[in-house]
file upload_38.txt (compact mmCIF, N, CA and C atoms)
# COMPACT_ATOMS: atom_id res chain seq x y z
N MET A 1 14.74 3.36 29.48
CA MET A 1 13.46 2.78 29.13
C MET A 1 12.68 2.56 30.41
N SER A 2 11.40 2.81 30.40
CA SER A 2 10.58 2.65 31.60
C SER A 2 10.38 1.17 31.90
N ARG A 3 9.94 0.89 33.11
CA ARG A 3 9.76 -0.49 33.54
C ARG A 3 8.69 -1.20 32.72
N SER A 4 7.58 -0.52 32.40
CA SER A 4 6.51 -1.15 31.62
C SER A 4 6.96 -1.40 30.19
N ALA A 5 7.76 -0.50 29.61
CA ALA A 5 8.26 -0.72 28.25
C ALA A 5 9.23 -1.89 28.23
N THR A 6 10.04 -2.04 29.27
CA THR A 6 10.97 -3.18 29.34
C THR A 6 10.19 -4.49 29.46
N ALA A 7 9.14 -4.49 30.27
CA ALA A 7 8.33 -5.70 30.43
C ALA A 7 7.66 -6.07 29.13
N ALA A 8 7.16 -5.07 28.39
CA ALA A 8 6.51 -5.35 27.10
C ALA A 8 7.52 -5.89 26.11
N THR A 9 8.75 -5.34 26.12
CA THR A 9 9.79 -5.84 25.21
C THR A 9 10.18 -7.26 25.58
N ASP A 10 10.26 -7.56 26.89
CA ASP A 10 10.60 -8.90 27.32
C ASP A 10 9.52 -9.90 26.95
N ASP A 11 8.25 -9.48 26.97
CA ASP A 11 7.17 -10.37 26.57
C ASP A 11 7.29 -10.76 25.11
N VAL A 12 7.69 -9.81 24.27
CA VAL A 12 7.79 -10.07 22.83
C VAL A 12 9.08 -10.83 22.50
N ALA A 13 10.20 -10.38 23.01
CA ALA A 13 11.48 -10.92 22.60
C ALA A 13 12.02 -11.97 23.55
N GLY A 14 11.45 -12.09 24.73
CA GLY A 14 11.97 -13.00 25.73
C GLY A 14 12.78 -12.22 26.74
N PRO A 15 12.97 -12.76 27.92
CA PRO A 15 13.65 -12.01 28.96
C PRO A 15 15.11 -11.74 28.63
N GLY A 16 15.50 -10.48 28.78
CA GLY A 16 16.90 -10.12 28.62
C GLY A 16 17.36 -9.89 27.19
N LYS A 17 16.55 -10.13 26.20
CA LYS A 17 17.00 -9.97 24.80
C LYS A 17 16.94 -8.51 24.36
N GLY A 18 15.90 -7.79 24.72
CA GLY A 18 15.83 -6.37 24.44
C GLY A 18 15.38 -6.00 23.03
N THR A 19 15.44 -6.89 22.07
CA THR A 19 14.97 -6.59 20.72
C THR A 19 13.92 -7.61 20.32
N ALA A 20 12.92 -7.17 19.61
CA ALA A 20 11.83 -8.06 19.21
C ALA A 20 12.23 -8.86 17.98
N ALA A 21 12.00 -10.15 18.01
CA ALA A 21 12.26 -11.00 16.86
C ALA A 21 11.03 -10.99 15.95
N LEU A 22 11.24 -11.19 14.67
CA LEU A 22 10.12 -11.23 13.74
C LEU A 22 9.35 -12.53 13.90
N ASP A 23 8.04 -12.43 13.89
CA ASP A 23 7.19 -13.61 13.97
C ASP A 23 6.73 -13.95 12.56
N LEU A 24 7.30 -14.97 11.99
CA LEU A 24 7.04 -15.31 10.59
C LEU A 24 6.13 -16.54 10.45
N ARG A 25 5.41 -16.90 11.52
CA ARG A 25 4.59 -18.10 11.45
C ARG A 25 3.46 -18.01 10.43
N LEU A 26 2.95 -16.83 10.18
CA LEU A 26 1.84 -16.68 9.24
C LEU A 26 2.29 -16.30 7.83
N MET A 27 3.60 -16.18 7.62
CA MET A 27 4.10 -15.78 6.31
C MET A 27 3.80 -16.85 5.25
N ILE A 28 4.05 -18.10 5.55
CA ILE A 28 3.82 -19.17 4.56
C ILE A 28 2.33 -19.28 4.21
N PRO A 29 1.41 -19.36 5.19
CA PRO A 29 -0.01 -19.40 4.81
C PRO A 29 -0.46 -18.18 4.00
N ALA A 30 0.02 -16.99 4.37
CA ALA A 30 -0.38 -15.78 3.65
C ALA A 30 0.15 -15.79 2.22
N LEU A 31 1.40 -16.19 2.05
CA LEU A 31 1.97 -16.24 0.69
C LEU A 31 1.25 -17.27 -0.17
N ILE A 32 0.92 -18.40 0.40
CA ILE A 32 0.19 -19.43 -0.38
C ILE A 32 -1.20 -18.92 -0.73
N GLY A 33 -1.89 -18.30 0.23
CA GLY A 33 -3.24 -17.78 -0.05
C GLY A 33 -3.25 -16.74 -1.15
N TRP A 34 -2.35 -15.76 -1.06
CA TRP A 34 -2.31 -14.71 -2.08
C TRP A 34 -1.82 -15.26 -3.42
N SER A 35 -0.95 -16.25 -3.40
CA SER A 35 -0.49 -16.85 -4.66
C SER A 35 -1.64 -17.56 -5.38
N VAL A 36 -2.47 -18.26 -4.60
CA VAL A 36 -3.63 -18.95 -5.20
C VAL A 36 -4.56 -17.93 -5.86
N VAL A 37 -4.84 -16.83 -5.17
CA VAL A 37 -5.73 -15.81 -5.75
C VAL A 37 -5.10 -15.17 -6.98
N ALA A 38 -3.82 -14.86 -6.92
CA ALA A 38 -3.16 -14.26 -8.08
C ALA A 38 -3.18 -15.21 -9.27
N TRP A 39 -3.02 -16.48 -9.01
CA TRP A 39 -3.00 -17.48 -10.08
C TRP A 39 -4.39 -17.67 -10.69
N LEU A 40 -5.43 -17.59 -9.86
CA LEU A 40 -6.79 -17.87 -10.32
C LEU A 40 -7.60 -16.63 -10.66
N SER A 41 -7.08 -15.44 -10.43
CA SER A 41 -7.90 -14.24 -10.56
C SER A 41 -8.32 -13.94 -11.99
N GLY A 42 -7.59 -14.40 -12.98
CA GLY A 42 -7.97 -14.12 -14.36
C GLY A 42 -9.04 -15.04 -14.90
N GLY A 43 -9.31 -16.12 -14.22
CA GLY A 43 -10.26 -17.12 -14.71
C GLY A 43 -11.66 -16.88 -14.22
N PRO A 44 -12.53 -17.86 -14.48
CA PRO A 44 -13.92 -17.72 -14.05
C PRO A 44 -14.07 -17.83 -12.53
N SER A 45 -15.20 -17.40 -12.03
CA SER A 45 -15.44 -17.39 -10.58
C SER A 45 -15.50 -18.79 -9.98
N ASP A 46 -15.86 -19.80 -10.79
CA ASP A 46 -15.94 -21.15 -10.20
C ASP A 46 -14.58 -21.65 -9.75
N ARG A 47 -13.51 -21.17 -10.39
CA ARG A 47 -12.17 -21.59 -9.93
C ARG A 47 -11.88 -21.05 -8.54
N LEU A 48 -12.25 -19.81 -8.29
CA LEU A 48 -12.06 -19.25 -6.95
C LEU A 48 -12.94 -19.96 -5.93
N ALA A 49 -14.16 -20.30 -6.33
CA ALA A 49 -15.06 -21.03 -5.42
C ALA A 49 -14.49 -22.41 -5.12
N LEU A 50 -13.92 -23.07 -6.12
CA LEU A 50 -13.30 -24.38 -5.90
C LEU A 50 -12.09 -24.25 -4.99
N ALA A 51 -11.30 -23.19 -5.18
CA ALA A 51 -10.15 -22.97 -4.30
C ALA A 51 -10.61 -22.71 -2.87
N MET A 52 -11.75 -22.01 -2.71
CA MET A 52 -12.29 -21.81 -1.37
C MET A 52 -12.68 -23.13 -0.73
N ALA A 53 -13.33 -23.99 -1.52
CA ALA A 53 -13.73 -25.30 -0.99
C ALA A 53 -12.51 -26.12 -0.61
N LEU A 54 -11.49 -26.11 -1.46
CA LEU A 54 -10.27 -26.85 -1.14
C LEU A 54 -9.57 -26.26 0.09
N GLY A 55 -9.59 -24.93 0.22
CA GLY A 55 -9.03 -24.29 1.41
C GLY A 55 -9.76 -24.72 2.67
N ALA A 56 -11.08 -24.83 2.58
CA ALA A 56 -11.85 -25.28 3.74
C ALA A 56 -11.52 -26.73 4.10
N VAL A 57 -11.37 -27.57 3.08
CA VAL A 57 -11.01 -28.97 3.32
C VAL A 57 -9.63 -29.07 3.96
N VAL A 58 -8.66 -28.31 3.44
CA VAL A 58 -7.31 -28.31 4.00
C VAL A 58 -7.34 -27.82 5.44
N MET A 59 -8.16 -26.79 5.70
CA MET A 59 -8.27 -26.26 7.06
C MET A 59 -8.81 -27.31 8.01
N VAL A 60 -9.84 -28.02 7.60
CA VAL A 60 -10.45 -29.04 8.47
C VAL A 60 -9.47 -30.19 8.69
N ILE A 61 -8.82 -30.66 7.62
CA ILE A 61 -7.87 -31.76 7.77
C ILE A 61 -6.72 -31.35 8.68
N GLY A 62 -6.16 -30.17 8.46
CA GLY A 62 -5.08 -29.70 9.32
C GLY A 62 -5.51 -29.55 10.76
N GLY A 63 -6.72 -29.04 10.98
CA GLY A 63 -7.23 -28.90 12.34
C GLY A 63 -7.43 -30.23 13.03
N ILE A 64 -7.96 -31.22 12.31
CA ILE A 64 -8.16 -32.55 12.89
C ILE A 64 -6.82 -33.18 13.24
N ARG A 65 -5.87 -33.07 12.32
CA ARG A 65 -4.54 -33.64 12.58
C ARG A 65 -3.88 -32.94 13.76
N CYS A 66 -4.10 -31.66 13.87
CA CYS A 66 -3.52 -30.89 14.98
C CYS A 66 -4.13 -31.35 16.30
N LEU A 67 -5.43 -31.57 16.34
CA LEU A 67 -6.08 -32.02 17.57
C LEU A 67 -5.68 -33.44 17.93
N ARG A 68 -5.55 -34.30 16.94
CA ARG A 68 -5.16 -35.69 17.21
C ARG A 68 -3.73 -35.80 17.72
N ARG A 69 -2.86 -34.96 17.22
CA ARG A 69 -1.44 -35.07 17.56
C ARG A 69 -1.03 -34.14 18.69
N SER A 70 -1.98 -33.54 19.35
CA SER A 70 -1.61 -32.58 20.39
C SER A 70 -0.85 -33.22 21.53
N SER A 71 -1.05 -34.51 21.76
CA SER A 71 -0.34 -35.17 22.84
C SER A 71 0.98 -35.78 22.36
N ARG A 72 1.22 -35.75 21.05
CA ARG A 72 2.45 -36.35 20.51
C ARG A 72 3.52 -35.30 20.30
N ALA A 73 4.33 -35.53 19.30
CA ALA A 73 5.49 -34.67 19.03
C ALA A 73 5.05 -33.24 18.71
N ARG A 74 5.77 -32.30 19.25
CA ARG A 74 5.44 -30.89 19.09
C ARG A 74 5.62 -30.42 17.64
N GLY A 75 6.60 -30.96 16.92
CA GLY A 75 6.85 -30.56 15.54
C GLY A 75 5.71 -30.91 14.61
N SER A 76 5.10 -32.06 14.80
CA SER A 76 3.98 -32.45 13.93
C SER A 76 2.76 -31.59 14.19
N VAL A 77 2.59 -31.11 15.43
CA VAL A 77 1.49 -30.20 15.74
C VAL A 77 1.71 -28.87 15.03
N ARG A 78 2.96 -28.40 15.01
CA ARG A 78 3.25 -27.15 14.32
C ARG A 78 2.98 -27.27 12.83
N ILE A 79 3.36 -28.38 12.23
CA ILE A 79 3.12 -28.56 10.79
C ILE A 79 1.63 -28.63 10.52
N ALA A 80 0.89 -29.39 11.34
CA ALA A 80 -0.56 -29.49 11.15
C ALA A 80 -1.22 -28.13 11.37
N GLY A 81 -0.72 -27.36 12.33
CA GLY A 81 -1.26 -26.02 12.55
C GLY A 81 -0.99 -25.10 11.37
N THR A 82 0.20 -25.21 10.79
CA THR A 82 0.52 -24.42 9.60
C THR A 82 -0.37 -24.80 8.43
N VAL A 83 -0.64 -26.10 8.29
CA VAL A 83 -1.54 -26.56 7.22
C VAL A 83 -2.94 -26.00 7.45
N ALA A 84 -3.42 -26.03 8.69
CA ALA A 84 -4.74 -25.49 8.99
C ALA A 84 -4.80 -23.99 8.72
N LEU A 85 -3.76 -23.26 9.12
CA LEU A 85 -3.73 -21.82 8.86
C LEU A 85 -3.63 -21.52 7.37
N THR A 86 -2.96 -22.38 6.61
CA THR A 86 -2.91 -22.20 5.16
C THR A 86 -4.31 -22.35 4.57
N GLY A 87 -5.06 -23.34 5.05
CA GLY A 87 -6.44 -23.49 4.60
C GLY A 87 -7.29 -22.27 4.94
N VAL A 88 -7.10 -21.73 6.13
CA VAL A 88 -7.84 -20.52 6.54
C VAL A 88 -7.47 -19.35 5.63
N ALA A 89 -6.18 -19.21 5.33
CA ALA A 89 -5.73 -18.10 4.48
C ALA A 89 -6.31 -18.22 3.08
N VAL A 90 -6.26 -19.42 2.50
CA VAL A 90 -6.83 -19.62 1.16
C VAL A 90 -8.32 -19.35 1.16
N LEU A 91 -9.00 -19.84 2.18
CA LEU A 91 -10.44 -19.62 2.29
C LEU A 91 -10.77 -18.14 2.40
N ALA A 92 -10.06 -17.42 3.25
CA ALA A 92 -10.35 -16.00 3.46
C ALA A 92 -10.02 -15.16 2.24
N VAL A 93 -8.87 -15.40 1.64
CA VAL A 93 -8.46 -14.56 0.52
C VAL A 93 -9.31 -14.85 -0.72
N CYS A 94 -9.63 -16.11 -0.96
CA CYS A 94 -10.50 -16.43 -2.11
C CYS A 94 -11.91 -15.90 -1.88
N GLY A 95 -12.40 -15.96 -0.64
CA GLY A 95 -13.71 -15.39 -0.34
C GLY A 95 -13.73 -13.89 -0.56
N SER A 96 -12.67 -13.23 -0.18
CA SER A 96 -12.56 -11.80 -0.40
C SER A 96 -12.52 -11.48 -1.89
N ALA A 97 -11.77 -12.26 -2.65
CA ALA A 97 -11.69 -12.04 -4.10
C ALA A 97 -13.04 -12.28 -4.76
N LEU A 98 -13.76 -13.32 -4.33
CA LEU A 98 -15.09 -13.57 -4.89
C LEU A 98 -16.06 -12.44 -4.55
N GLY A 99 -15.99 -11.93 -3.34
CA GLY A 99 -16.85 -10.81 -2.96
C GLY A 99 -16.55 -9.57 -3.78
N GLN A 100 -15.28 -9.28 -3.97
CA GLN A 100 -14.89 -8.13 -4.78
C GLN A 100 -15.33 -8.29 -6.22
N ARG A 101 -15.19 -9.51 -6.75
CA ARG A 101 -15.63 -9.77 -8.12
C ARG A 101 -17.14 -9.59 -8.25
N ALA A 102 -17.90 -10.02 -7.24
CA ALA A 102 -19.36 -9.85 -7.28
C ALA A 102 -19.73 -8.37 -7.25
N ILE A 103 -19.02 -7.59 -6.45
CA ILE A 103 -19.29 -6.15 -6.41
C ILE A 103 -18.95 -5.50 -7.75
N ASP A 104 -17.82 -5.90 -8.33
CA ASP A 104 -17.42 -5.32 -9.62
C ASP A 104 -18.41 -5.64 -10.73
N ARG A 105 -19.02 -6.81 -10.66
CA ARG A 105 -19.92 -7.23 -11.75
C ARG A 105 -21.37 -6.91 -11.48
N ALA A 106 -21.67 -6.29 -10.36
CA ALA A 106 -23.05 -5.90 -10.07
C ALA A 106 -23.41 -4.69 -10.92
N GLY A 107 -24.56 -4.72 -11.52
CA GLY A 107 -25.00 -3.60 -12.33
C GLY A 107 -24.78 -3.86 -13.81
N PRO A 108 -25.19 -2.92 -14.64
CA PRO A 108 -25.21 -3.13 -16.08
C PRO A 108 -23.91 -2.76 -16.81
N ILE A 109 -22.88 -2.30 -16.11
CA ILE A 109 -21.70 -1.76 -16.79
C ILE A 109 -21.01 -2.80 -17.66
N GLU A 110 -20.86 -4.01 -17.16
CA GLU A 110 -20.14 -5.04 -17.94
C GLU A 110 -20.87 -5.38 -19.24
N SER A 111 -22.19 -5.53 -19.18
CA SER A 111 -22.94 -5.85 -20.40
C SER A 111 -22.98 -4.65 -21.35
N LEU A 112 -23.04 -3.45 -20.80
CA LEU A 112 -23.01 -2.26 -21.66
C LEU A 112 -21.65 -2.11 -22.35
N ALA A 113 -20.59 -2.41 -21.65
CA ALA A 113 -19.27 -2.34 -22.26
C ALA A 113 -19.11 -3.40 -23.34
N ALA A 114 -19.67 -4.60 -23.12
CA ALA A 114 -19.60 -5.65 -24.13
C ALA A 114 -20.38 -5.26 -25.38
N ASP A 115 -21.48 -4.51 -25.20
CA ASP A 115 -22.28 -4.05 -26.34
C ASP A 115 -21.72 -2.78 -26.96
N ARG A 116 -20.61 -2.27 -26.44
CA ARG A 116 -19.98 -1.03 -26.90
C ARG A 116 -20.97 0.14 -26.86
N ALA A 117 -21.66 0.23 -25.75
CA ALA A 117 -22.67 1.29 -25.58
C ALA A 117 -21.99 2.65 -25.48
N VAL A 118 -22.68 3.67 -25.96
CA VAL A 118 -22.18 5.04 -25.95
C VAL A 118 -23.18 5.89 -25.17
N VAL A 119 -22.67 6.78 -24.35
CA VAL A 119 -23.52 7.66 -23.56
C VAL A 119 -23.16 9.10 -23.90
N THR A 120 -24.17 9.93 -24.09
CA THR A 120 -23.96 11.36 -24.30
C THR A 120 -24.55 12.07 -23.09
N LEU A 121 -23.77 12.89 -22.46
CA LEU A 121 -24.19 13.56 -21.25
C LEU A 121 -24.16 15.07 -21.48
N MET A 122 -25.23 15.72 -21.12
CA MET A 122 -25.28 17.18 -21.21
C MET A 122 -25.61 17.69 -19.82
N GLY A 123 -24.86 18.68 -19.36
CA GLY A 123 -25.08 19.21 -18.02
C GLY A 123 -25.00 20.71 -18.02
N THR A 124 -25.47 21.29 -16.95
CA THR A 124 -25.44 22.74 -16.76
C THR A 124 -24.77 23.02 -15.43
N VAL A 125 -23.80 23.93 -15.43
CA VAL A 125 -23.13 24.34 -14.20
C VAL A 125 -24.00 25.39 -13.53
N ILE A 126 -24.40 25.14 -12.29
CA ILE A 126 -25.33 26.07 -11.64
C ILE A 126 -24.66 26.90 -10.53
N THR A 127 -23.40 26.59 -10.18
CA THR A 127 -22.69 27.40 -9.17
C THR A 127 -21.28 27.68 -9.65
N GLN A 128 -20.65 28.60 -8.96
CA GLN A 128 -19.26 28.91 -9.25
C GLN A 128 -18.38 27.76 -8.75
N PRO A 129 -17.22 27.57 -9.39
CA PRO A 129 -16.32 26.52 -8.91
C PRO A 129 -15.85 26.83 -7.49
N ARG A 130 -15.60 25.77 -6.70
CA ARG A 130 -15.09 25.95 -5.34
C ARG A 130 -13.95 24.97 -5.10
N LEU A 131 -13.06 25.32 -4.20
CA LEU A 131 -11.90 24.51 -3.86
C LEU A 131 -12.33 23.38 -2.94
N VAL A 132 -11.95 22.15 -3.29
CA VAL A 132 -12.24 20.99 -2.46
C VAL A 132 -10.92 20.48 -1.91
N VAL A 133 -10.79 20.43 -0.58
CA VAL A 133 -9.55 20.01 0.08
C VAL A 133 -9.68 18.54 0.48
N SER A 134 -8.69 17.75 0.08
CA SER A 134 -8.68 16.35 0.43
C SER A 134 -8.11 16.16 1.82
N SER A 135 -8.61 15.14 2.52
CA SER A 135 -8.12 14.86 3.87
C SER A 135 -6.85 14.03 3.85
N GLY A 136 -6.37 13.64 2.69
CA GLY A 136 -5.14 12.86 2.58
C GLY A 136 -5.37 11.36 2.62
N ARG A 137 -6.59 10.91 2.78
CA ARG A 137 -6.87 9.47 2.83
C ARG A 137 -7.50 8.98 1.53
N GLY A 138 -7.48 9.75 0.50
CA GLY A 138 -8.05 9.34 -0.78
C GLY A 138 -9.49 9.76 -0.96
N ASP A 139 -10.15 10.21 0.11
CA ASP A 139 -11.53 10.66 -0.05
C ASP A 139 -11.57 12.17 -0.13
N GLN A 140 -12.55 12.67 -0.81
CA GLN A 140 -12.69 14.11 -0.96
C GLN A 140 -13.96 14.54 -0.27
N SER A 141 -13.89 15.72 0.32
CA SER A 141 -15.09 16.23 0.99
C SER A 141 -15.33 17.67 0.64

call {"tool": "encode", "arguments": {"input": "upload_38.txt", "output": "structure tokens"}}
result
Amino acid sequence: MSRSATAATDDVAGPGKGTAALDLRLMIPALIGWSVVAWLSGGPSDRLALAMALGAVVMVIGGIRCLRRSSRARGSVRIAGTVALTGVAVLAVCGSALGQRAIDRAGPIESLAADRAVVTLMGTVITQPRLVVSSGRGDQS
């Protein structure tokens, strides 16, 4: 292994360990954030907005507690930091879900589907068929 690769491994895993340990500090906030969205996604949008507001409150409370306890015990700072990150995760994931819901409901499709609207489309093919090759990322060109 080259000297720079060894130094990078030591930075991640600590000196002399040679293998990188998993960093699971954000796992709990991420799981809580996604669980909140999964639980509230079937309901009305105000529930997601309320969850966003509660996430913001939790983030602020955790941040304040983290700043107040920075000179005290290290464990309480970690817990307060985890609480603040959980608030950030809930806020971000619920905001993303609300944005996606707004995009999905933009336009007349939802009301047309509720009215059981029917569309008849007539078209004319003006060129010969051609092969379209996908780039492998889900888009076609």

call {"tool": "residues_around", "arguments": {"input": "upload_38.txt", "residues": "Val83 of chain A", "least_positions_apart": "2", "cutoff": "12 Å", "atoms": "only C-alpha atoms", "output": "MDAnalysis selection string"}}
result
chainID A and resid 25:26 28:30 32:33 55:66 76:81 85:90

call {"tool": "closest_residue", "arguments": {"input": "upload_38.txt", "among": "A:Ile126, A:Ala53, A:Ala114, A:Ala97", "to": "Trp39 of chain A", "atoms": "only C-alpha atoms"}}
result
A:Ala97

call {"tool": "closest_residue", "arguments": {"input": "upload_38.txt", "among": "A:Leu131, A:Leu67, A:Leu24, A:Val93", "to": "Ser41 of chain A", "atoms": "only C-alpha atoms"}}
result
A:Val93

call {"tool": "atom_distance", "arguments": {"input": "upload_38.txt", "atom1": "atom CA of Ile103 of chain A", "atom2": "atom N of Ala38 of chain A"}}
result
17.8 Å

call {"tool": "atom_distance", "arguments": {"input": "upload_38.txt", "atom1": "atom CA of Leu91 of chain A", "atom2": "atom C of Ala51 of chain A"}}
result
6.0 Å

call {"tool": "atom_distance", "arguments": {"input": "upload_38.txt", "atom1": "atom CA of Val37 of chain A", "atom2": "atom CA of Asp115 of chain A"}}
result
28.9 Å
